[in-house]
file structure_39.txt (compact mmCIF, C-alpha atoms)
# COMPACT_ATOMS: atom_id res chain seq x y z
CA MET A 356 0.78 6.31 18.39
CA THR A 357 -0.60 2.84 17.68
CA THR A 358 -4.13 1.91 16.67
CA LYS A 359 -5.53 -1.12 18.48
CA GLN A 360 -7.54 -3.65 16.58
CA GLU A 361 -10.74 -5.60 16.96
CA GLU A 362 -10.85 -9.35 16.45
CA THR A 363 -12.50 -10.77 13.35
CA ASN A 364 -14.44 -14.03 13.09
CA ILE A 365 -14.49 -16.24 10.00
CA LYS A 366 -16.46 -19.49 9.76
CA ILE A 367 -14.50 -22.23 8.03
CA GLU A 368 -15.02 -25.84 6.97
CA LYS A 369 -12.54 -28.64 6.34
CA ARG A 370 -11.86 -28.90 2.61
CA LYS A 371 -11.78 -32.25 0.82
CA VAL A 372 -11.28 -30.90 -2.69
CA THR A 373 -7.65 -30.20 -3.61
CA GLY A 374 -5.46 -29.59 -6.65
CA LYS A 375 -7.02 -28.55 -9.95
CA GLN A 376 -10.50 -29.39 -8.69
CA VAL A 377 -10.35 -26.35 -6.39
CA SER A 378 -11.71 -24.22 -9.23
CA GLN A 379 -15.01 -26.05 -8.74
CA LEU A 380 -15.27 -24.58 -5.26
CA ARG A 381 -14.95 -21.04 -6.57
CA ARG A 382 -17.81 -21.64 -9.00
CA GLN A 383 -19.87 -22.71 -5.97
CA GLY A 384 -19.10 -19.44 -4.17
CA LEU A 385 -16.50 -20.98 -1.85
CA LEU A 386 -13.00 -19.68 -1.21
CA PRO A 387 -10.17 -22.21 -0.58
CA GLY A 388 -7.48 -21.72 2.03
CA VAL A 389 -5.07 -23.46 4.37
CA VAL A 390 -4.26 -23.27 8.08
CA TYR A 391 -0.82 -23.99 9.51
CA GLY A 392 1.38 -22.78 12.34
CA HIS A 393 1.60 -23.07 16.13
CA LYS A 394 0.80 -26.63 17.29
CA VAL A 395 -1.33 -27.11 14.17
CA GLU A 396 -0.85 -29.75 11.53
CA SER A 397 -1.53 -28.03 8.22
CA TYR A 398 -5.02 -28.65 6.86
CA PRO A 399 -7.03 -27.31 3.87
CA ILE A 400 -10.17 -25.24 4.48
CA GLN A 401 -12.94 -23.49 2.61
CA MET A 402 -15.13 -20.50 3.49
CA GLU A 403 -17.85 -18.33 1.98
CA ALA A 404 -16.16 -16.36 -0.82
CA HIS A 405 -18.15 -13.11 -1.06
CA SER A 406 -18.27 -12.14 2.63
CA THR A 407 -14.66 -13.21 3.20
CA SER A 408 -13.43 -11.17 0.21
CA LEU A 409 -15.18 -8.07 1.55
CA MET A 410 -13.72 -8.70 5.00
CA MET A 411 -10.19 -9.07 3.61
CA LYS A 412 -10.26 -5.49 2.32
CA LYS A 413 -10.12 -4.29 5.95
CA ILE A 414 -7.77 -6.93 7.32
CA THR A 415 -4.09 -6.09 7.83
CA PRO A 416 -1.15 -8.49 8.42
CA THR A 417 -1.61 -8.01 12.18
CA THR A 418 -5.39 -8.38 12.42
CA LEU A 419 -6.31 -11.15 14.87
CA ILE A 420 -8.77 -13.63 13.39
CA ASN A 421 -10.87 -16.31 15.06
CA LEU A 422 -11.21 -19.23 12.66
CA ASP A 423 -14.44 -20.92 13.68
CA LEU A 424 -14.52 -24.61 12.76
CA ASP A 425 -17.78 -26.10 14.07
CA GLY A 426 -17.56 -23.94 17.18
CA LYS A 427 -13.88 -24.61 17.84
CA LYS A 428 -11.92 -21.36 17.40
CA THR A 429 -8.29 -21.02 16.37
CA LYS A 430 -6.42 -17.72 16.70
CA ALA A 431 -4.72 -16.79 13.44
CA ILE A 432 -3.47 -14.02 11.20
CA VAL A 433 -3.43 -13.81 7.41
CA ARG A 434 0.03 -14.82 6.22
CA ASP A 435 -0.59 -14.72 2.48
CA ARG A 436 -3.39 -14.15 0.00
CA GLN A 437 -3.43 -15.10 -3.67
CA LEU A 438 -5.15 -12.78 -6.13
CA ASP A 439 -6.06 -13.14 -9.79
CA VAL A 440 -3.52 -10.97 -11.66
CA VAL A 441 -6.15 -9.78 -14.14
CA THR A 442 -9.37 -9.35 -12.14
CA GLY A 443 -7.92 -8.90 -8.65
CA GLU A 444 -10.32 -11.59 -7.39
CA LEU A 445 -9.27 -13.31 -4.16
CA LEU A 446 -8.34 -16.92 -4.98
CA HIS A 447 -6.74 -18.39 -1.84
CA ILE A 448 -5.79 -17.46 1.74
CA ASP A 449 -3.03 -18.80 3.99
CA PHE A 450 -3.78 -18.49 7.72
CA LEU A 451 -1.05 -18.74 10.33
CA ALA A 452 -2.27 -20.21 13.62
CA ILE A 453 -0.64 -18.38 16.54
CA SER A 454 -0.07 -18.60 20.27
CA MET A 455 -1.20 -15.60 22.29
CA THR A 456 1.81 -16.05 24.57
CA GLU A 457 4.49 -16.03 21.86
CA LYS A 458 5.75 -12.85 20.21
CA LEU A 459 5.30 -12.28 16.49
CA LYS A 460 7.27 -10.22 14.00
CA ALA A 461 5.17 -8.17 11.62
CA SER A 462 5.20 -5.26 9.17
CA VAL A 463 2.75 -2.55 10.21
CA ALA A 464 1.58 0.29 7.96
CA ILE A 465 2.49 3.87 8.90
CA GLU A 466 -0.31 6.43 8.64
CA LEU A 467 0.38 10.17 8.70
CA ILE A 468 -2.00 12.29 10.78
CA GLY A 469 -2.28 15.96 11.68
CA GLU A 470 -1.19 19.06 9.79
CA ALA A 471 2.42 20.12 9.20
CA PRO A 472 2.85 23.87 9.94
CA VAL A 473 5.68 24.06 7.39
CA LEU A 474 3.13 23.72 4.57
CA ASP A 475 1.67 27.11 5.52
CA GLU A 476 4.98 28.76 6.39
CA VAL A 477 7.16 27.76 3.43
CA ALA A 478 6.02 28.32 -0.14
CA GLY A 479 6.12 25.20 -2.29
CA ALA A 480 6.87 22.88 0.63
CA LEU A 481 5.49 19.35 0.64
CA ILE A 482 5.71 16.30 2.90
CA ASN A 483 7.79 13.34 1.73
CA GLN A 484 6.93 9.98 3.33
CA THR A 485 9.97 7.80 2.71
CA LEU A 486 8.96 4.89 4.98
CA ASN A 487 5.53 3.26 4.68
CA GLU A 488 5.91 0.28 7.03
CA LEU A 489 7.55 -0.44 10.36
CA GLU A 490 8.97 -3.82 11.36
CA ILE A 491 7.97 -4.65 14.93
CA GLU A 492 7.76 -7.56 17.38
CA ALA A 493 5.12 -8.04 20.06
CA LEU A 494 2.59 -10.42 21.52
CA PRO A 495 -0.37 -10.93 19.16
CA ASN A 496 -2.80 -8.91 21.26
CA GLU A 497 -0.32 -6.01 21.37
CA LEU A 498 0.17 -5.82 17.59
CA PRO A 499 -1.37 -2.61 16.21
CA GLU A 500 -3.23 -2.48 12.91
CA ARG A 501 -1.35 0.69 11.99
CA ILE A 502 1.06 3.20 13.49
CA GLU A 503 0.09 6.87 13.40
CA VAL A 504 2.78 9.52 12.92
CA ASP A 505 1.81 13.10 13.85
CA LEU A 506 2.99 15.81 11.43
CA SER A 507 2.35 18.74 13.78
CA GLY A 508 6.04 18.81 14.74
CA ILE A 509 7.18 19.53 11.17
CA VAL A 510 7.57 23.30 11.44
CA THR A 511 10.66 24.13 9.33
CA ALA A 512 12.06 22.77 6.07
CA GLU A 513 14.85 21.04 8.01
CA ASP A 514 12.55 19.05 10.32
CA VAL A 515 12.35 15.27 9.91
CA ILE A 516 10.76 12.38 11.81
CA THR A 517 12.89 9.26 12.28
CA VAL A 518 12.02 5.80 13.55
CA GLY A 519 13.92 6.48 16.75
CA GLU A 520 11.49 9.26 17.68
CA LEU A 521 8.47 6.95 17.79
CA LYS A 522 7.06 6.03 21.20
CA LEU A 523 5.19 2.73 20.98
CA GLY A 524 5.47 1.63 24.62
CA ASP A 525 7.52 -1.09 26.25
CA LYS A 526 5.34 -3.94 24.93
CA ILE A 527 6.36 -3.37 21.31
CA THR A 528 9.92 -3.80 20.03
CA ILE A 529 10.81 -1.79 16.92
CA LEU A 530 13.06 -3.77 14.56
CA THR A 531 13.46 -1.09 11.88
CA PRO A 532 16.74 0.87 12.32
CA ALA A 533 16.24 3.96 14.49
CA ASP A 534 17.98 6.30 12.05
CA GLU A 535 15.63 5.59 9.14
CA VAL A 536 13.66 8.67 8.11
CA ILE A 537 9.87 8.39 8.00
CA VAL A 538 9.01 11.95 6.97
CA SER A 539 10.99 14.85 5.53
CA VAL A 540 10.20 18.11 3.74
CA GLY A 541 10.57 18.60 0.01
CA TYR A 542 9.60 21.23 -2.52
CA VAL A 543 7.31 21.33 -5.49
CA ALA A 544 9.42 21.33 -8.63
CA GLU A 545 8.97 24.55 -10.58
CA GLU A 546 8.40 24.09 -14.27
CA ALA A 547 10.75 26.19 -16.38
CA GLU A 548 8.89 28.56 -18.69
CA GLU A 549 9.75 27.91 -22.30
CA GLU A 550 10.64 31.01 -24.24
CA PRO A 551 8.88 31.30 -27.59
CA ALA A 552 11.13 30.29 -30.45
CA GLU A 553 12.28 33.21 -32.57
CA VAL A 554 11.09 33.11 -36.15
CA GLU A 555 13.90 33.92 -38.52
CA GLU A 556 12.76 36.47 -41.06
CA LEU A 557 14.03 36.04 -44.61
CA ASP A 558 15.68 39.13 -46.00
CA VAL A 559 14.24 38.93 -49.54
CA GLU A 560 13.45 41.83 -51.77
CA PRO A 561 9.79 42.24 -52.89
CA GLU A 562 10.85 42.01 -56.55
CA VAL A 563 12.43 38.58 -55.99
CA LEU A 564 9.31 37.25 -54.26
CA GLU A 565 7.09 38.55 -57.03
CA LYS A 566 9.37 36.96 -59.69
CA GLY A 567 9.23 33.58 -57.93
CA LYS A 568 5.46 33.73 -57.71
CA LYS A 569 5.16 34.55 -61.43
CA GLU A 570 7.42 31.62 -62.38
CA GLU A 571 5.24 29.21 -60.36
CA GLU A 572 2.10 30.45 -62.10
CA GLU A 573 3.69 30.02 -65.54
CA GLU A 574 4.74 26.45 -64.70
CA GLY A 575 1.20 25.67 -63.65
CA GLU A 576 -0.20 26.84 -67.00
CA GLU A 577 2.06 24.52 -69.00
call {"tool": "encode", "arguments": {"input": "structure_39.txt", "output": "structure tokens"}}
result
Amino acid sequence: MTTKQEETNIKIEKRKVTGKQVSQLRRQGLLPGVVYGHKVESYPIQMEAHSTSLMMKKITPTTLINLDLDGKKTKAIVRDRQLDVVTGELLHIDFLAISMTEKLKASVAIELIGEAPVLDEVAGALINQTLNELEIEALPNELPERIEVDLSGIVTAEDVITVGELKLGDKITILTPADEVIVSVGYVAEEAEEEPAEVEELDVEPEVLEKGKKEEEEEGEE
């Protein structure tokens, strides 16, 4: 199952500041970026930093974006975003301008939904997700934001879900190999109980212990 998306609008302005001076924009609450792609000569842009950063938390690589430049809108997707390695702050965005009539290749996140009956039937069973993204190709308006995989068919410990079992319709071409496993069943590792270490008892006569104690006391008095 695929999850359709809603278009997002971002107001942009042409950017005149470039190079090291870009840091000045960030201090003014502006976020730098660039637009390139289909029938577009690359040009630098800037946009409001706070609202765009919040918006980017919900945007996936397939989210369709309307870049609004003085009322003129360009269809685009986010191709790359640069983050501060320490603070995680968004520093720069690359937008790819697209044609709605040309297919795009994209990586789409896989989301597991539903309950797997095996978890109730087999003690210690757990679900292993071995594939988190699916490579697909489709027209921009057919690209899903995520692909949902239903776990209700995982009944026994031998059940798996492979890429070839997904049904995404004839408008989406799956590029990931069909035999790749998305979900399988594993088991919770049991921790081995450590046996208490045996304390070796010294076989010493009471007289010997008493003699040793007396010698220590005498040494202490000297």
call {"tool": "closest_residue", "arguments": {"input": "structure_39.txt", "among": "A:Lys427, A:Lys413, A:His447, A:Arg434", "to": "Leu386 of chain A", "atoms": "all atoms listed in the file"}}
result
A:His447
call {"tool": "closest_residue", "arguments": {"input": "structure_39.txt", "among": "A:Ser408, A:Asn496, A:Ser397, A:Thr373", "to": "Ala452 of chain A", "atoms": "all atoms listed in the file"}}
result
A:Ser397
call {"tool": "residues_around", "arguments": {"input": "structure_39.txt", "residues": "segment 530-546 of chain A", "least_positions_apart": "2", "cutoff": "8 Å", "atoms": "all atoms listed in the file", "output": "PyMOL selection string"}}
result
chain A and resi 479-487+489-492+512-520+528+548
call {"tool": "write_last_selection", "arguments": {"input": "structure_39.txt", "atoms": "C-alpha atoms", "output": "PDB file, in the coordinates of the input"}}
result
ATOM      1  CA  GLY A 479       6.120  25.200  -2.290  1.00  0.00           C
ATOM      2  CA  ALA A 480       6.870  22.880   0.630  1.00  0.00           C
ATOM      3  CA  LEU A 481       5.490  19.350   0.640  1.00  0.00           C
ATOM      4  CA  ILE A 482       5.710  16.300   2.900  1.00  0.00           C
ATOM      5  CA  ASN A 483       7.790  13.340   1.730  1.00  0.00           C
ATOM      6  CA  GLN A 484       6.930   9.980   3.330  1.00  0.00           C
ATOM      7  CA  THR A 485       9.970   7.800   2.710  1.00  0.00           C
ATOM      8  CA  LEU A 486       8.960   4.890   4.980  1.00  0.00           C
ATOM      9  CA  ASN A 487       5.530   3.260   4.680  1.00  0.00           C
ATOM     10  CA  LEU A 489       7.550  -0.440  10.360  1.00  0.00           C
ATOM     11  CA  GLU A 490       8.970  -3.820  11.360  1.00  0.00           C
ATOM     12  CA  ILE A 491       7.970  -4.650  14.930  1.00  0.00           C
ATOM     13  CA  GLU A 492       7.760  -7.560  17.380  1.00  0.00           C
ATOM     14  CA  ALA A 512      12.060  22.770   6.070  1.00  0.00           C
ATOM     15  CA  GLU A 513      14.850  21.040   8.010  1.00  0.00           C
ATOM     16  CA  ASP A 514      12.550  19.050  10.320  1.00  0.00           C
ATOM     17  CA  VAL A 515      12.350  15.270   9.910  1.00  0.00           C
ATOM     18  CA  ILE A 516      10.760  12.380  11.810  1.00  0.00           C
ATOM     19  CA  THR A 517      12.890   9.260  12.280  1.00  0.00           C
ATOM     20  CA  VAL A 518      12.020   5.800  13.550  1.00  0.00           C
ATOM     21  CA  GLY A 519      13.920   6.480  16.750  1.00  0.00           C
ATOM     22  CA  GLU A 520      11.490   9.260  17.680  1.00  0.00           C
ATOM     23  CA  THR A 528       9.920  -3.800  20.030  1.00  0.00           C
ATOM     24  CA  GLU A 548       8.890  28.560 -18.690  1.00  0.00           C
TER      25      GLU A 548
END
call {"tool": "residues_around", "arguments": {"input": "structure_39.txt", "residues": "Glu488 of chain A", "least_positions_apart": "5", "cutoff": "7 Å", "atoms": "only C-alpha atoms", "output": "number ranges by chain"}}
result
A: 462-465
call {"tool": "write_last_selection", "arguments": {"input": "structure_39.txt", "atoms": "C-alpha atoms", "output": "compact mmCIF listing (two decimals), in the frame of the given file"}}
result
# COMPACT_ATOMS: atom_id res chain seq x y z
CA SER A 462 5.20 -5.26 9.17
CA VAL A 463 2.75 -2.55 10.21
CA ALA A 464 1.58 0.29 7.96
CA ILE A 465 2.49 3.87 8.90
call {"tool": "residues_near_point", "arguments": {"input": "structure_39.txt", "point": "(-10.4, -11.0, -5.1)", "cutoff": "10 Å", "atoms": "all atoms listed in the file", "output": "list in words"}}
result
Leu386, Ala404, His405, Thr407, Ser408, Leu409, Met411, Lys412, Arg436, Gln437, Leu438, Asp439, Val440, Thr442, Gly443, Glu444, Leu445, Leu446 and His447 of chain A
call {"tool": "atom_distance", "arguments": {"input": "structure_39.txt", "atom1": "atom CA of Ala493 of chain A", "atom2": "atom CA of Leu422 of chain A"}}
result
21.1 Å
call {"tool": "residues_around", "arguments": {"input": "structure_39.txt", "residues": "Lys394 of chain A", "least_positions_apart": "4", "cutoff": "12 Å", "atoms": "only C-alpha atoms", "output": "list in words"}}
result
Val390, Thr429, Lys430, Ala431, Leu451, Ala452, Ile453 and Ser454 of chain A
call {"tool": "build_atoms", "arguments": {"input": "structure_39.txt", "residues": "segment 361-390 of chain A", "atoms": "N, CA and C atoms", "output": "short mmCIF file (atom, residue, chain, number, x, y, z; two decimals), in the frame of the given file"}}
result
data_model
loop_
_atom_site.label_atom_id
_atom_site.label_comp_id
_atom_site.auth_asym_id
_atom_site.auth_seq_id
_atom_site.Cartn_x
_atom_site.Cartn_y
_atom_site.Cartn_z
N GLU A 361 -9.66 -4.75 16.49
CA GLU A 361 -10.74 -5.60 16.96
C GLU A 361 -10.62 -6.96 16.28
N GLU A 362 -10.96 -8.00 17.01
CA GLU A 362 -10.85 -9.35 16.45
C GLU A 362 -11.93 -9.58 15.40
N THR A 363 -11.61 -10.44 14.45
CA THR A 363 -12.50 -10.77 13.35
C THR A 363 -12.80 -12.26 13.38
N ASN A 364 -14.04 -12.62 13.10
CA ASN A 364 -14.44 -14.03 13.09
C ASN A 364 -14.75 -14.50 11.67
N ILE A 365 -14.21 -15.64 11.31
CA ILE A 365 -14.49 -16.24 10.00
C ILE A 365 -14.87 -17.70 10.20
N LYS A 366 -16.03 -18.09 9.69
CA LYS A 366 -16.46 -19.49 9.76
C LYS A 366 -15.80 -20.28 8.64
N ILE A 367 -15.19 -21.40 9.01
CA ILE A 367 -14.50 -22.23 8.03
C ILE A 367 -15.00 -23.67 8.09
N GLU A 368 -14.71 -24.41 7.02
CA GLU A 368 -15.02 -25.84 6.97
C GLU A 368 -13.77 -26.57 6.48
N LYS A 369 -13.62 -27.82 6.88
CA LYS A 369 -12.54 -28.64 6.34
C LYS A 369 -12.80 -28.85 4.84
N ARG A 370 -11.73 -28.77 4.06
CA ARG A 370 -11.86 -28.90 2.61
C ARG A 370 -11.34 -30.26 2.15
N LYS A 371 -12.18 -30.95 1.36
CA LYS A 371 -11.78 -32.25 0.82
C LYS A 371 -11.25 -32.13 -0.61
N VAL A 372 -11.71 -31.10 -1.30
CA VAL A 372 -11.28 -30.90 -2.69
C VAL A 372 -9.92 -30.23 -2.71
N THR A 373 -8.99 -30.76 -3.49
CA THR A 373 -7.65 -30.20 -3.61
C THR A 373 -7.20 -30.19 -5.07
N GLY A 374 -6.02 -29.61 -5.31
CA GLY A 374 -5.46 -29.59 -6.65
C GLY A 374 -6.27 -28.79 -7.64
N LYS A 375 -6.33 -29.28 -8.88
CA LYS A 375 -7.02 -28.55 -9.95
C LYS A 375 -8.52 -28.49 -9.74
N GLN A 376 -9.06 -29.37 -8.92
CA GLN A 376 -10.50 -29.39 -8.69
C GLN A 376 -10.98 -28.22 -7.81
N VAL A 377 -9.99 -27.48 -7.26
CA VAL A 377 -10.35 -26.35 -6.39
C VAL A 377 -11.17 -25.30 -7.13
N SER A 378 -10.95 -25.19 -8.44
CA SER A 378 -11.71 -24.22 -9.23
C SER A 378 -13.21 -24.47 -9.15
N GLN A 379 -13.60 -25.73 -8.89
CA GLN A 379 -15.01 -26.05 -8.74
C GLN A 379 -15.60 -25.35 -7.52
N LEU A 380 -14.80 -25.25 -6.47
CA LEU A 380 -15.27 -24.58 -5.26
C LEU A 380 -15.61 -23.12 -5.53
N ARG A 381 -14.74 -22.47 -6.29
CA ARG A 381 -14.95 -21.04 -6.57
C ARG A 381 -16.24 -20.83 -7.35
N ARG A 382 -16.55 -21.75 -8.24
CA ARG A 382 -17.81 -21.64 -9.00
C ARG A 382 -19.02 -21.84 -8.09
N GLN A 383 -18.79 -22.50 -6.94
CA GLN A 383 -19.87 -22.71 -5.97
C GLN A 383 -19.92 -21.59 -4.92
N GLY A 384 -19.10 -20.56 -5.11
CA GLY A 384 -19.10 -19.44 -4.17
C GLY A 384 -18.28 -19.70 -2.92
N LEU A 385 -17.34 -20.65 -3.00
CA LEU A 385 -16.50 -20.98 -1.85
C LEU A 385 -15.05 -20.58 -2.13
N LEU A 386 -14.38 -20.13 -1.10
CA LEU A 386 -13.00 -19.68 -1.21
C LEU A 386 -12.07 -20.68 -0.52
N PRO A 387 -11.09 -21.25 -1.22
CA PRO A 387 -10.17 -22.21 -0.58
C PRO A 387 -9.09 -21.51 0.24
N GLY A 388 -8.56 -22.24 1.21
CA GLY A 388 -7.48 -21.72 2.03
C GLY A 388 -6.77 -22.84 2.75
N VAL A 389 -5.81 -22.48 3.60
CA VAL A 389 -5.07 -23.46 4.37
C VAL A 389 -4.71 -22.85 5.72
N VAL A 390 -4.64 -23.70 6.73
CA VAL A 390 -4.26 -23.27 8.08
C VAL A 390 -3.01 -24.04 8.49
#
